[in-house]
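Coordinates as given in entry_25.cif (mmCIF, C-alpha atoms):
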```cif
data_protein
#
loop_
_atom_site.group_PDB
_atom_site.id
_atom_site.type_symbol
_atom_site.label_atom_id
_atom_site.label_comp_id
_atom_site.auth_asym_id
_atom_site.auth_seq_id
_atom_site.Cartn_x
_atom_site.Cartn_y
_atom_site.Cartn_z
ATOM 1 C CA GLY A 280 0.000 0.000 0.000
ATOM 2 C CA GLY A 281 0.960 3.616 0.212
ATOM 3 C CA GLY A 282 1.988 5.992 -2.528
ATOM 4 C CA HIS A 283 0.027 8.639 -4.383
ATOM 5 C CA TRP A 284 -3.194 7.029 -5.530
ATOM 6 C CA ALA A 285 -6.684 8.389 -6.003
ATOM 7 C CA PRO A 286 -9.464 6.871 -3.887
ATOM 8 C CA ALA A 287 -10.483 4.855 -6.949
ATOM 9 C CA GLY A 288 -7.946 2.232 -5.939
ATOM 10 C CA HIS A 289 -4.411 1.026 -6.371
ATOM 11 C CA SER A 290 -2.282 -2.089 -6.496
ATOM 12 C CA ALA A 291 0.805 -2.997 -4.530
ATOM 13 C CA PHE A 292 2.791 -6.011 -5.625
ATOM 14 C CA SER A 293 5.779 -7.920 -4.325
ATOM 15 C CA TRP A 294 7.886 -9.761 -6.886
ATOM 16 C CA THR A 295 9.399 -13.187 -6.336
ATOM 17 C CA GLY A 296 11.313 -15.326 -8.789
ATOM 18 C CA ALA A 297 14.070 -14.164 -11.074
ATOM 19 C CA PRO A 298 14.123 -10.897 -13.012
ATOM 20 C CA GLN A 299 15.402 -10.423 -16.512
ATOM 21 C CA PHE A 300 17.998 -7.928 -17.589
ATOM 22 C CA THR A 301 18.908 -5.985 -20.682
ATOM 23 C CA SER A 302 22.402 -6.652 -21.972
ATOM 24 C CA VAL A 303 24.749 -4.418 -23.931
ATOM 25 C CA VAL A 304 27.558 -6.958 -24.011
ATOM 26 C CA PRO A 305 28.089 -9.533 -26.804
ATOM 27 C CA SER A 306 25.340 -12.045 -25.998
ATOM 28 C CA THR A 307 21.594 -12.087 -26.262
ATOM 29 C CA ALA A 308 19.899 -8.726 -25.757
ATOM 30 C CA THR A 309 17.639 -10.117 -23.063
ATOM 31 C CA VAL A 310 18.634 -12.889 -20.685
ATOM 32 C CA GLN A 311 16.197 -14.639 -18.405
ATOM 33 C CA ALA A 312 17.850 -15.625 -15.173
ATOM 34 C CA SER A 313 15.469 -18.406 -14.240
ATOM 35 C CA ARG A 314 12.024 -19.839 -14.915
ATOM 36 C CA SER A 315 9.574 -18.522 -17.475
ATOM 37 C CA THR A 316 6.941 -16.221 -16.036
ATOM 38 C CA GLN A 317 3.668 -16.157 -17.904
ATOM 39 C CA THR A 318 1.814 -17.468 -20.904
ATOM 40 C CA ASP A 319 1.360 -14.995 -23.727
ATOM 41 C CA ALA A 320 -2.427 -15.097 -23.705
ATOM 42 C CA PRO A 321 -5.230 -16.614 -21.658
ATOM 43 C CA ARG A 322 -6.879 -19.765 -22.891
ATOM 44 C CA PRO A 323 -10.557 -20.762 -22.866
ATOM 45 C CA VAL A 324 -11.924 -22.233 -19.661
ATOM 46 C CA ALA A 325 -13.881 -25.459 -19.942
ATOM 47 C CA ASP A 326 -15.736 -25.006 -16.650
ATOM 48 C CA PRO A 327 -19.096 -23.322 -17.452
ATOM 49 C CA LEU A 328 -19.122 -21.633 -14.056
ATOM 50 C CA SER A 329 -15.982 -19.758 -14.975
ATOM 51 C CA GLY A 330 -17.674 -17.829 -17.772
ATOM 52 C CA PRO A 331 -16.325 -16.978 -21.220
ATOM 53 C CA ALA A 332 -12.690 -17.056 -22.241
ATOM 54 C CA ARG A 333 -10.705 -14.074 -21.014
ATOM 55 C CA ARG A 334 -9.438 -11.328 -23.289
ATOM 56 C CA PRO A 335 -5.718 -10.914 -23.927
ATOM 57 C CA ALA A 336 -3.808 -8.162 -22.111
ATOM 58 C CA TYR A 337 -4.479 -5.775 -24.971
ATOM 59 C CA ASP A 338 -7.890 -5.828 -26.611
ATOM 60 C CA PRO A 339 -8.908 -2.834 -28.757
ATOM 61 C CA SER A 340 -12.577 -3.713 -28.236
ATOM 62 C CA ALA A 341 -12.335 -3.237 -24.478
ATOM 63 C CA SER A 342 -13.918 0.058 -23.445
ATOM 64 C CA PRO A 343 -12.086 2.166 -20.824
ATOM 65 C CA GLY A 344 -15.433 3.661 -19.823
ATOM 66 C CA SER A 345 -17.312 0.387 -19.516
ATOM 67 C CA ARG A 346 -20.093 0.599 -16.969
ATOM 68 C CA ALA A 347 -21.853 -1.966 -14.822
ATOM 69 C CA GLU A 348 -24.283 -4.188 -16.693
ATOM 70 C CA PRO A 349 -27.903 -2.941 -16.711
ATOM 71 C CA GLY A 350 -29.695 -3.990 -13.544
ATOM 72 C CA LEU A 351 -26.450 -4.603 -11.653
ATOM 73 C CA ILE A 352 -24.311 -2.481 -9.333
ATOM 74 C CA ARG A 353 -20.541 -2.248 -9.339
ATOM 75 C CA LEU A 354 -18.412 -3.105 -6.322
ATOM 76 C CA LYS A 355 -14.735 -2.451 -5.694
ATOM 77 C CA ALA A 356 -12.837 -5.225 -3.895
ATOM 78 C CA THR A 357 -9.294 -5.458 -2.577
ATOM 79 C CA CYS A 358 -7.353 -8.694 -2.233
ATOM 80 C CA GLU A 359 -3.954 -9.928 -1.159
ATOM 81 C CA TYR A 360 -2.285 -13.159 -2.172
ATOM 82 C CA ASP A 361 0.794 -15.324 -2.022
ATOM 83 C CA GLY A 362 1.455 -15.884 -5.696
ATOM 84 C CA SER A 363 4.548 -18.067 -5.360
ATOM 85 C CA ALA A 364 2.579 -21.156 -6.434
ATOM 86 C CA LEU A 365 0.160 -19.399 -8.796
ATOM 87 C CA GLY A 366 0.358 -18.606 -12.504
ATOM 88 C CA GLY A 367 -0.301 -14.900 -12.005
ATOM 89 C CA TRP A 368 -3.489 -12.828 -11.943
ATOM 90 C CA MET A 369 -4.878 -13.673 -15.395
ATOM 91 C CA ILE A 370 -7.140 -16.697 -15.616
ATOM 92 C CA GLN A 371 -5.504 -19.891 -16.898
ATOM 93 C CA ALA A 372 -6.773 -23.085 -18.539
ATOM 94 C CA ASN A 373 -7.036 -24.428 -14.988
ATOM 95 C CA PRO A 374 -8.787 -21.627 -13.023
ATOM 96 C CA GLU A 375 -7.249 -22.846 -9.763
ATOM 97 C CA GLU A 376 -3.818 -21.793 -11.045
ATOM 98 C CA SER A 377 -4.618 -18.055 -11.147
ATOM 99 C CA VAL A 378 -5.924 -15.430 -8.745
ATOM 100 C CA GLN A 379 -8.666 -14.319 -11.108
ATOM 101 C CA GLY A 380 -9.666 -17.933 -11.622
ATOM 102 C CA VAL A 381 -10.128 -18.789 -7.948
ATOM 103 C CA LEU A 382 -12.046 -15.553 -7.307
ATOM 104 C CA GLU A 383 -14.396 -16.037 -10.266
ATOM 105 C CA ARG A 384 -14.938 -19.670 -9.300
ATOM 106 C CA ARG A 385 -15.936 -18.681 -5.765
ATOM 107 C CA LEU A 386 -18.288 -15.952 -7.051
ATOM 108 C CA ALA A 387 -19.895 -18.342 -9.531
ATOM 109 C CA ILE A 388 -20.584 -20.870 -6.788
ATOM 110 C CA TYR A 389 -22.025 -18.243 -4.429
ATOM 111 C CA LEU A 390 -24.105 -16.310 -6.970
ATOM 112 C CA LYS A 391 -24.916 -19.360 -9.135
ATOM 113 C CA ARG A 392 -23.874 -17.594 -12.330
ATOM 114 C CA ALA A 393 -20.702 -16.601 -14.112
ATOM 115 C CA VAL A 394 -19.262 -13.394 -12.611
ATOM 116 C CA PRO A 395 -16.375 -11.957 -14.643
ATOM 117 C CA ILE A 396 -14.085 -9.650 -12.690
ATOM 118 C CA ALA A 397 -11.495 -7.102 -13.843
ATOM 119 C CA GLY A 398 -8.261 -6.494 -11.968
ATOM 120 C CA SER A 399 -6.168 -3.361 -11.694
ATOM 121 C CA GLY A 400 -3.364 -5.092 -13.583
ATOM 122 C CA ARG A 401 -1.846 -8.376 -14.643
ATOM 123 C CA THR A 402 0.859 -9.984 -12.548
ATOM 124 C CA ASP A 403 3.303 -12.654 -13.678
ATOM 125 C CA ALA A 404 3.632 -16.119 -12.207
ATOM 126 C CA GLY A 405 5.232 -16.007 -8.765
ATOM 127 C CA VAL A 406 4.150 -12.438 -7.988
ATOM 128 C CA SER A 407 2.453 -11.744 -4.665
ATOM 129 C CA ALA A 408 0.250 -8.763 -3.833
ATOM 130 C CA ARG A 409 -0.565 -6.843 -0.682
ATOM 131 C CA ALA A 410 -3.422 -4.774 -2.117
ATOM 132 C CA GLN A 411 -4.687 -5.543 -5.594
ATOM 133 C CA VAL A 412 -8.028 -4.013 -6.568
ATOM 134 C CA PHE A 413 -10.639 -5.662 -8.777
ATOM 135 C CA HIS A 414 -14.260 -4.876 -9.574
ATOM 136 C CA LEU A 415 -17.354 -7.012 -10.006
ATOM 137 C CA ASP A 416 -21.009 -6.427 -10.874
ATOM 138 C CA VAL A 417 -23.734 -7.894 -8.672
ATOM 139 C CA GLU A 418 -27.470 -7.557 -8.090
ATOM 140 C CA PRO A 419 -28.529 -4.479 -6.072
ATOM 141 C CA SER A 420 -29.738 -6.780 -3.286
ATOM 142 C CA ARG A 421 -26.146 -7.891 -2.643
ATOM 143 C CA SER A 422 -24.468 -5.549 -0.181
ATOM 144 C CA PRO A 423 -20.698 -5.013 0.070
ATOM 145 C CA ALA A 424 -20.761 -6.582 3.541
ATOM 146 C CA GLU A 425 -22.478 -9.711 2.207
ATOM 147 C CA MET A 426 -20.018 -10.058 -0.661
ATOM 148 C CA LEU A 427 -17.057 -9.597 1.680
ATOM 149 C CA ARG A 428 -18.360 -12.413 3.882
ATOM 150 C CA ALA A 429 -18.887 -14.586 0.818
ATOM 151 C CA LEU A 430 -15.386 -13.953 -0.448
ATOM 152 C CA GLN A 431 -13.742 -14.563 2.906
ATOM 153 C CA SER A 432 -14.592 -18.234 2.635
ATOM 154 C CA GLY A 433 -14.253 -20.778 -0.121
ATOM 155 C CA LEU A 434 -10.885 -19.452 -1.311
ATOM 156 C CA PRO A 435 -7.498 -21.182 -1.010
ATOM 157 C CA PRO A 436 -5.329 -20.044 1.928
ATOM 158 C CA SER A 437 -3.029 -18.202 -0.486
ATOM 159 C CA VAL A 438 -5.763 -15.745 -1.566
ATOM 160 C CA ARG A 439 -7.675 -13.406 0.749
ATOM 161 C CA VAL A 440 -10.177 -10.626 0.040
ATOM 162 C CA THR A 441 -9.687 -7.826 2.577
ATOM 163 C CA ALA A 442 -12.326 -5.270 1.560
ATOM 164 C CA VAL A 443 -15.432 -4.810 -0.576
ATOM 165 C CA GLU A 444 -17.075 -1.433 -1.022
ATOM 166 C CA ALA A 445 -19.615 0.313 -3.218
ATOM 167 C CA ALA A 446 -18.286 1.969 -6.380
ATOM 168 C CA THR A 447 -19.681 4.243 -9.043
ATOM 169 C CA GLN A 448 -21.222 2.546 -12.072
ATOM 170 C CA ASP A 449 -18.314 3.657 -14.279
ATOM 171 C CA PHE A 450 -15.525 2.680 -11.875
ATOM 172 C CA HIS A 451 -13.020 0.364 -13.553
ATOM 173 C CA ALA A 452 -10.272 -1.316 -11.531
ATOM 174 C CA ARG A 453 -7.724 -0.943 -14.325
ATOM 175 C CA HIS A 454 -8.716 2.308 -15.991
ATOM 176 C CA SER A 455 -9.437 4.128 -12.704
ATOM 177 C CA CYS A 456 -6.085 3.097 -11.235
ATOM 178 C CA THR A 457 -3.642 6.019 -11.088
ATOM 179 C CA GLY A 458 -0.514 4.193 -9.953
ATOM 180 C CA LYS A 459 1.084 0.970 -8.802
ATOM 181 C CA ARG A 460 3.978 0.183 -6.524
ATOM 182 C CA TYR A 461 6.162 -2.889 -6.959
ATOM 183 C CA SER A 462 8.763 -4.181 -4.540
ATOM 184 C CA TYR A 463 11.531 -6.658 -5.373
ATOM 185 C CA SER A 464 13.746 -8.297 -2.756
ATOM 186 C CA LEU A 465 17.307 -9.346 -3.675
ATOM 187 C CA LEU A 466 19.788 -11.336 -1.606
ATOM 188 C CA THR A 467 23.556 -11.020 -1.929
ATOM 189 C CA ARG A 468 23.867 -14.396 -0.212
ATOM 190 C CA GLN A 469 22.274 -17.767 -0.655
ATOM 191 C CA ALA A 470 18.641 -17.943 0.399
ATOM 192 C CA SER A 471 17.467 -20.147 3.213
ATOM 193 C CA PRO A 472 14.536 -22.512 2.586
ATOM 194 C CA PHE A 473 12.350 -19.947 4.375
ATOM 195 C CA GLU A 474 13.360 -17.152 1.981
ATOM 196 C CA VAL A 475 13.703 -18.826 -1.382
ATOM 197 C CA ARG A 476 10.071 -18.223 -2.393
ATOM 198 C CA TRP A 477 10.243 -14.525 -1.553
ATOM 199 C CA CYS A 478 13.623 -13.328 -2.805
ATOM 200 C CA TRP A 479 15.969 -13.516 -5.761
ATOM 201 C CA SER A 480 19.359 -14.710 -4.573
ATOM 202 C CA LEU A 481 22.231 -13.305 -6.591
ATOM 203 C CA ALA A 482 24.333 -16.139 -5.158
ATOM 204 C CA GLU A 483 21.899 -18.948 -5.950
ATOM 205 C CA ARG A 484 24.312 -20.752 -8.269
ATOM 206 C CA GLN A 485 27.391 -20.405 -6.098
ATOM 207 C CA PRO A 486 28.750 -23.341 -4.053
ATOM 208 C CA ALA A 487 27.547 -23.662 -0.483
ATOM 209 C CA GLY A 488 29.580 -21.564 1.935
ATOM 210 C CA SER A 489 30.646 -19.035 -0.701
ATOM 211 C CA PRO A 490 31.047 -15.428 0.460
ATOM 212 C CA ASP A 491 28.301 -12.914 -0.228
ATOM 213 C CA VAL A 492 28.167 -11.418 -3.701
ATOM 214 C CA ALA A 493 29.796 -7.972 -3.754
ATOM 215 C CA PHE A 494 27.105 -5.381 -4.471
ATOM 216 C CA ASP A 495 27.713 -1.683 -5.152
ATOM 217 C CA LEU A 496 24.664 -0.048 -3.606
ATOM 218 C CA ALA A 497 25.753 3.503 -4.479
ATOM 219 C CA ALA A 498 26.201 2.721 -8.165
ATOM 220 C CA THR A 499 22.867 0.904 -8.260
ATOM 221 C CA GLY A 500 21.181 3.901 -6.639
ATOM 222 C CA ASP A 501 22.719 6.242 -9.202
ATOM 223 C CA ALA A 502 21.479 4.034 -12.024
ATOM 224 C CA ALA A 503 18.003 3.816 -10.475
ATOM 225 C CA CYS A 504 17.740 7.624 -10.415
ATOM 226 C CA SER A 505 17.963 7.711 -14.204
ATOM 227 C CA LEU A 506 14.754 5.662 -14.426
ATOM 228 C CA VAL A 507 12.682 8.342 -12.697
ATOM 229 C CA GLY A 508 10.644 10.539 -15.008
ATOM 230 C CA VAL A 509 8.816 10.094 -18.289
ATOM 231 C CA HIS A 510 10.817 7.820 -20.591
ATOM 232 C CA ASP A 511 10.522 5.435 -23.498
ATOM 233 C CA PHE A 512 11.144 2.081 -21.775
ATOM 234 C CA SER A 513 11.516 0.028 -24.957
ATOM 235 C CA ASN A 514 14.820 -1.366 -23.649
ATOM 236 C CA PHE A 515 13.143 -2.616 -20.479
ATOM 237 C CA CYS A 516 10.150 -4.533 -21.771
ATOM 238 C CA VAL A 517 8.978 -7.148 -24.222
ATOM 239 C CA LEU A 518 7.047 -5.443 -27.021
ATOM 240 C CA LYS A 519 4.529 -7.823 -28.554
ATOM 241 C CA PRO A 520 3.704 -7.618 -32.269
ATOM 242 C CA GLY A 521 0.389 -5.900 -32.926
ATOM 243 C CA ASP A 522 0.248 -4.110 -29.578
ATOM 244 C CA PRO A 523 -0.105 -0.386 -30.435
ATOM 245 C CA ARG A 524 0.334 0.887 -26.891
ATOM 246 C CA SER A 525 3.113 3.391 -26.336
ATOM 247 C CA PRO A 526 6.284 2.265 -24.500
ATOM 248 C CA ILE A 527 6.374 5.653 -22.758
ATOM 249 C CA ARG A 528 5.686 5.443 -19.030
ATOM 250 C CA HIS A 529 5.995 7.786 -16.045
ATOM 251 C CA LEU A 530 8.187 6.310 -13.317
ATOM 252 C CA ARG A 531 7.513 8.366 -10.186
ATOM 253 C CA SER A 532 10.134 6.868 -7.912
ATOM 254 C CA CYS A 533 12.736 4.115 -7.739
ATOM 255 C CA ALA A 534 14.451 3.369 -4.435
ATOM 256 C CA VAL A 535 17.264 0.892 -3.761
ATOM 257 C CA VAL A 536 17.656 0.214 -0.032
ATOM 258 C CA ASP A 537 20.058 -1.990 1.940
ATOM 259 C CA GLU A 538 17.861 -3.652 4.576
ATOM 260 C CA GLY A 539 20.785 -5.437 6.206
ATOM 261 C CA GLY A 540 21.515 -9.130 6.458
ATOM 262 C CA GLY A 541 22.417 -9.336 2.783
ATOM 263 C CA ARG A 542 19.002 -8.121 1.613
ATOM 264 C CA ILE A 543 18.514 -5.357 -0.967
ATOM 265 C CA ARG A 544 15.033 -4.025 -1.739
ATOM 266 C CA VAL A 545 14.107 -2.246 -4.964
ATOM 267 C CA THR A 546 10.801 -0.371 -4.826
ATOM 268 C CA VAL A 547 9.306 1.264 -7.910
ATOM 269 C CA GLU A 548 6.187 3.386 -8.320
ATOM 270 C CA ALA A 549 4.755 4.266 -11.730
ATOM 271 C CA ASP A 550 1.519 5.148 -13.451
ATOM 272 C CA ARG A 551 1.524 1.774 -15.221
ATOM 273 C CA TYR A 552 3.976 -0.805 -16.526
ATOM 274 C CA LEU A 553 4.915 -2.572 -19.732
ATOM 275 C CA TYR A 554 5.107 -6.336 -20.162
ATOM 276 C CA LYS A 555 7.997 -7.654 -18.020
ATOM 277 C CA GLN A 556 9.216 -4.094 -17.378
ATOM 278 C CA MET A 557 9.734 -4.544 -13.640
ATOM 279 C CA ARG A 558 11.670 -7.777 -14.018
ATOM 280 C CA MET A 559 13.937 -6.297 -16.676
ATOM 281 C CA MET A 560 14.604 -3.061 -14.768
ATOM 282 C CA VAL A 561 15.495 -4.914 -11.560
ATOM 283 C CA GLY A 562 17.535 -7.529 -13.391
ATOM 284 C CA THR A 563 19.536 -4.819 -15.166
ATOM 285 C CA LEU A 564 20.010 -2.823 -11.950
ATOM 286 C CA ALA A 565 21.427 -5.992 -10.391
ATOM 287 C CA GLN A 566 24.005 -6.145 -13.186
ATOM 288 C CA VAL A 567 25.107 -2.636 -12.170
ATOM 289 C CA GLY A 568 25.308 -3.646 -8.526
ATOM 290 C CA MET A 569 27.471 -6.660 -9.348
ATOM 291 C CA GLY A 570 29.807 -4.574 -11.513
ATOM 292 C CA ARG A 571 28.817 -6.185 -14.808
ATOM 293 C CA LEU A 572 27.287 -3.019 -16.270
ATOM 294 C CA SER A 573 28.404 0.568 -15.755
ATOM 295 C CA VAL A 574 26.090 3.333 -14.587
ATOM 296 C CA GLU A 575 26.785 5.165 -17.855
ATOM 297 C CA ALA A 576 25.741 2.140 -19.917
ATOM 298 C CA PHE A 577 22.582 1.789 -17.848
ATOM 299 C CA ARG A 578 21.708 5.450 -18.373
ATOM 300 C CA ALA A 579 22.213 4.999 -22.108
ATOM 301 C CA LEU A 580 19.606 2.223 -22.078
ATOM 302 C CA VAL A 581 17.152 4.653 -20.476
ATOM 303 C CA LEU A 582 17.966 7.719 -22.570
ATOM 304 C CA GLU A 583 18.473 5.954 -25.897
ATOM 305 C CA PRO A 584 15.389 3.797 -26.525
ATOM 306 C CA GLN A 585 15.955 0.605 -28.511
ATOM 307 C CA LEU A 586 19.704 1.015 -28.144
ATOM 308 C CA PRO A 587 21.262 -1.504 -30.566
ATOM 309 C CA SER A 588 23.144 -4.328 -28.885
ATOM 310 C CA SER A 589 25.896 -6.390 -30.426
ATOM 311 C CA SER A 590 23.810 -9.574 -30.311
#
```

I need this file expressed as structure tokens, please.
Amino acid sequence: GGGHWAPAGHSAFSWTGAPQFTSVVPSTATVQASRSTQTDAPRPVADPLSGPARRPAYDPSASPGSRAEPGLIRLKATCEYDGSALGGWMIQANPEESVQGVLERRLAIYLKRAVPIAGSGRTDAGVSARAQVFHLDVEPSRSPAEMLRALQSGLPPSVRVTAVEAATQDFHARHSCTGKRYSYSLLTRQASPFEVRWCWSLAERQPAGSPDVAFDLAATGDAACSLVGVHDFSNFCVLKPGDPRSPIRHLRSCAVVDEGGGRIRVTVEADRYLYKQMRMMVGTLAQVGMGRLSVEAFRALVLEPQLPSSS
């Protein structure tokens, strides 16, 4: 939570898993440090209670000003979840593998009809959230208090709805959202079994007992400062063919903090994000911290969109 958001709602996410980074050395331009993160598009759901197949992340037919269906009222809900074992927010072929899927399944069972919901944003596999907003349309006889009670049962332990409140008929969880804050936790040492799901260890492939990875916090902070402002983030995202959305985004803040005990936290706040932008920014900042990329080269990636690499 926190940050500068309008009352319409906001999202706060915590990243787990491995970031990606942009490279300007002779190799591939983008290197994924670990597992893949998300399918390119949702697939149809066989379960009739789950409703129609979901739209892809970009759909030109989706209306930013969409209102509640006639005869229904719109509610704003807030949820938190441990996404380390989930496939992200967007519904999957198996609804139980996504946050949206388990929420829509529970609503369908309670209301005895398909209830599509819209979230404030997509999250990749392995991402957890402290306060993600979504909206739903229900009959006027259903109060926010009733729907909160309904959604506080019948969900897996990893997903919890914390609030439900009345919203205007034209409120939209995604289009009314004015900002999102993401937090990524890095370790300069090997992770314990109690940390491995929540952090990215920069020393994960080193032999047991190896010293901590040297990390230049000052250089990383200098590089992070260059991200703040309105920039073309083409070098820090995956641009999909046919997606006409602009790669220009407004990054309001980017903080790199040493929390002690070998833990570094990167916290970013922006109006919205591009596909895999957070992972690639954090992964590239880590390259600066480990001395594999200079601050000047990082700044060039920010200030010179689509900087050619030697790959």

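Distance annotation: of A:Val561, A:Val509, A:Leu518, A:Leu496, the residue with the minimal separation from Trp479 of chain A is A:Val561; atom set is all atoms listed in the file.
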
If the PyMOL selection byres ((chain A and resi 480) around 10) is run on the structure shown, which residues does it catch, given as a ChimeraX atom specification? /A:296-297,464-471,474-475,477-479,481-485,492,541-542

Restricting it to C-alpha atoms, dump the selection as a PDB file, in the coordinates of the input.
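Wrote result22.pdb, looks like this:
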```
ATOM      1  CA  GLY A 296      11.313 -15.326  -8.789  1.00  0.00           C
ATOM      2  CA  ALA A 297      14.070 -14.164 -11.074  1.00  0.00           C
ATOM      3  CA  SER A 464      13.746  -8.297  -2.756  1.00  0.00           C
ATOM      4  CA  LEU A 465      17.307  -9.346  -3.675  1.00  0.00           C
ATOM      5  CA  LEU A 466      19.788 -11.336  -1.606  1.00  0.00           C
ATOM      6  CA  THR A 467      23.556 -11.020  -1.929  1.00  0.00           C
ATOM      7  CA  ARG A 468      23.867 -14.396  -0.212  1.00  0.00           C
ATOM      8  CA  GLN A 469      22.274 -17.767  -0.655  1.00  0.00           C
ATOM      9  CA  ALA A 470      18.641 -17.943   0.399  1.00  0.00           C
ATOM     10  CA  SER A 471      17.467 -20.147   3.213  1.00  0.00           C
ATOM     11  CA  GLU A 474      13.360 -17.152   1.981  1.00  0.00           C
ATOM     12  CA  VAL A 475      13.703 -18.826  -1.382  1.00  0.00           C
ATOM     13  CA  TRP A 477      10.243 -14.525  -1.553  1.00  0.00           C
ATOM     14  CA  CYS A 478      13.623 -13.328  -2.805  1.00  0.00           C
ATOM     15  CA  TRP A 479      15.969 -13.516  -5.761  1.00  0.00           C
ATOM     16  CA  LEU A 481      22.231 -13.305  -6.591  1.00  0.00           C
ATOM     17  CA  ALA A 482      24.333 -16.139  -5.158  1.00  0.00           C
ATOM     18  CA  GLU A 483      21.899 -18.948  -5.950  1.00  0.00           C
ATOM     19  CA  ARG A 484      24.312 -20.752  -8.269  1.00  0.00           C
ATOM     20  CA  GLN A 485      27.391 -20.405  -6.098  1.00  0.00           C
ATOM     21  CA  VAL A 492      28.167 -11.418  -3.701  1.00  0.00           C
ATOM     22  CA  GLY A 541      22.417  -9.336   2.783  1.00  0.00           C
ATOM     23  CA  ARG A 542      19.002  -8.121   1.613  1.00  0.00           C
TER      24      ARG A 542
END
```

When the PyMOL selection byres ((chain A and resi 352-362) around 6) is applied to the file above, which residues end up in the set, as a PyMOL selection string? chain A and resi 347+351+363-365+405-417+419+437-446+448

Could you save the residues just selected, with C-alpha atoms, as an mmCIF file, in the coordinates of the input?
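Once everything was written out, this is part.cif:
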```cif
data_model
loop_
_atom_site.group_PDB
_atom_site.id
_atom_site.type_symbol
_atom_site.label_atom_id
_atom_site.label_comp_id
_atom_site.auth_asym_id
_atom_site.auth_seq_id
_atom_site.Cartn_x
_atom_site.Cartn_y
_atom_site.Cartn_z
ATOM 1 C CA ALA A 347 -21.853 -1.966 -14.822
ATOM 2 C CA LEU A 351 -26.450 -4.603 -11.653
ATOM 3 C CA SER A 363 4.548 -18.067 -5.360
ATOM 4 C CA ALA A 364 2.579 -21.156 -6.434
ATOM 5 C CA LEU A 365 0.160 -19.399 -8.796
ATOM 6 C CA GLY A 405 5.232 -16.007 -8.765
ATOM 7 C CA VAL A 406 4.150 -12.438 -7.988
ATOM 8 C CA SER A 407 2.453 -11.744 -4.665
ATOM 9 C CA ALA A 408 0.250 -8.763 -3.833
ATOM 10 C CA ARG A 409 -0.565 -6.843 -0.682
ATOM 11 C CA ALA A 410 -3.422 -4.774 -2.117
ATOM 12 C CA GLN A 411 -4.687 -5.543 -5.594
ATOM 13 C CA VAL A 412 -8.028 -4.013 -6.568
ATOM 14 C CA PHE A 413 -10.639 -5.662 -8.777
ATOM 15 C CA HIS A 414 -14.260 -4.876 -9.574
ATOM 16 C CA LEU A 415 -17.354 -7.012 -10.006
ATOM 17 C CA ASP A 416 -21.009 -6.427 -10.874
ATOM 18 C CA VAL A 417 -23.734 -7.894 -8.672
ATOM 19 C CA PRO A 419 -28.529 -4.479 -6.072
ATOM 20 C CA SER A 437 -3.029 -18.202 -0.486
ATOM 21 C CA VAL A 438 -5.763 -15.745 -1.566
ATOM 22 C CA ARG A 439 -7.675 -13.406 0.749
ATOM 23 C CA VAL A 440 -10.177 -10.626 0.040
ATOM 24 C CA THR A 441 -9.687 -7.826 2.577
ATOM 25 C CA ALA A 442 -12.326 -5.270 1.560
ATOM 26 C CA VAL A 443 -15.432 -4.810 -0.576
ATOM 27 C CA GLU A 444 -17.075 -1.433 -1.022
ATOM 28 C CA ALA A 445 -19.615 0.313 -3.218
ATOM 29 C CA ALA A 446 -18.286 1.969 -6.380
ATOM 30 C CA GLN A 448 -21.222 2.546 -12.072
#
```

Between atom CA of Met426 of chain A and atom CA of Arg401 of chain A, what is the distance, to one decimal in Å?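 Result for atom CA of Met426 of chain A versus atom CA of Arg401 of chain A: 23.0 Å, one decimal.
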
Selection result for the PyMOL selection byres ((chain A and resi 375) around 12) on this file, as a VMD selection string: chain A and resid 324 326 329 362 364 to 374 376 to 385 434 to 435 437 to 438

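Straight-line separation from atom CA of Gly568 of chain A to atom CA of Ser525 of chain A: 29.3 Å.
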
Point-to-point distance from atom CA of Leu390 of chain A to atom CA of Pro349 of chain A, Å rounded to tenths: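 If I compute the distance from atom CA of Leu390 of chain A to atom CA of Pro349 of chain A, I get 17.0 Å.
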
Neighbours of point (18.8, 5.9, -19.9) within 10 Å, using only C-alpha atoms, written as a list in words: Ala502, Ala503, Cys504, Ser505, Leu506, Val507, His510, Asp511, Phe512, Asn514, Val574, Glu575, Ala576, Phe577, Arg578, Ala579, Leu580, Val581, Leu582, Glu583, Pro584 and Leu586 of chain A

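The nearest approach to Ser573 of chain A among the residues A:Ala498, A:Ala487, A:Ala452, A:Leu386, with all atoms listed in the file taken into account, belongs to A:Ala498.
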
With all atoms listed in the file as the atoms that count, which of A:Arg551, A:Arg421, A:Arg476, A:Arg346 lies nearest to His451 of chain A?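 Counting all atoms listed in the file, the residue closest to His451 of chain A is A:Arg346.
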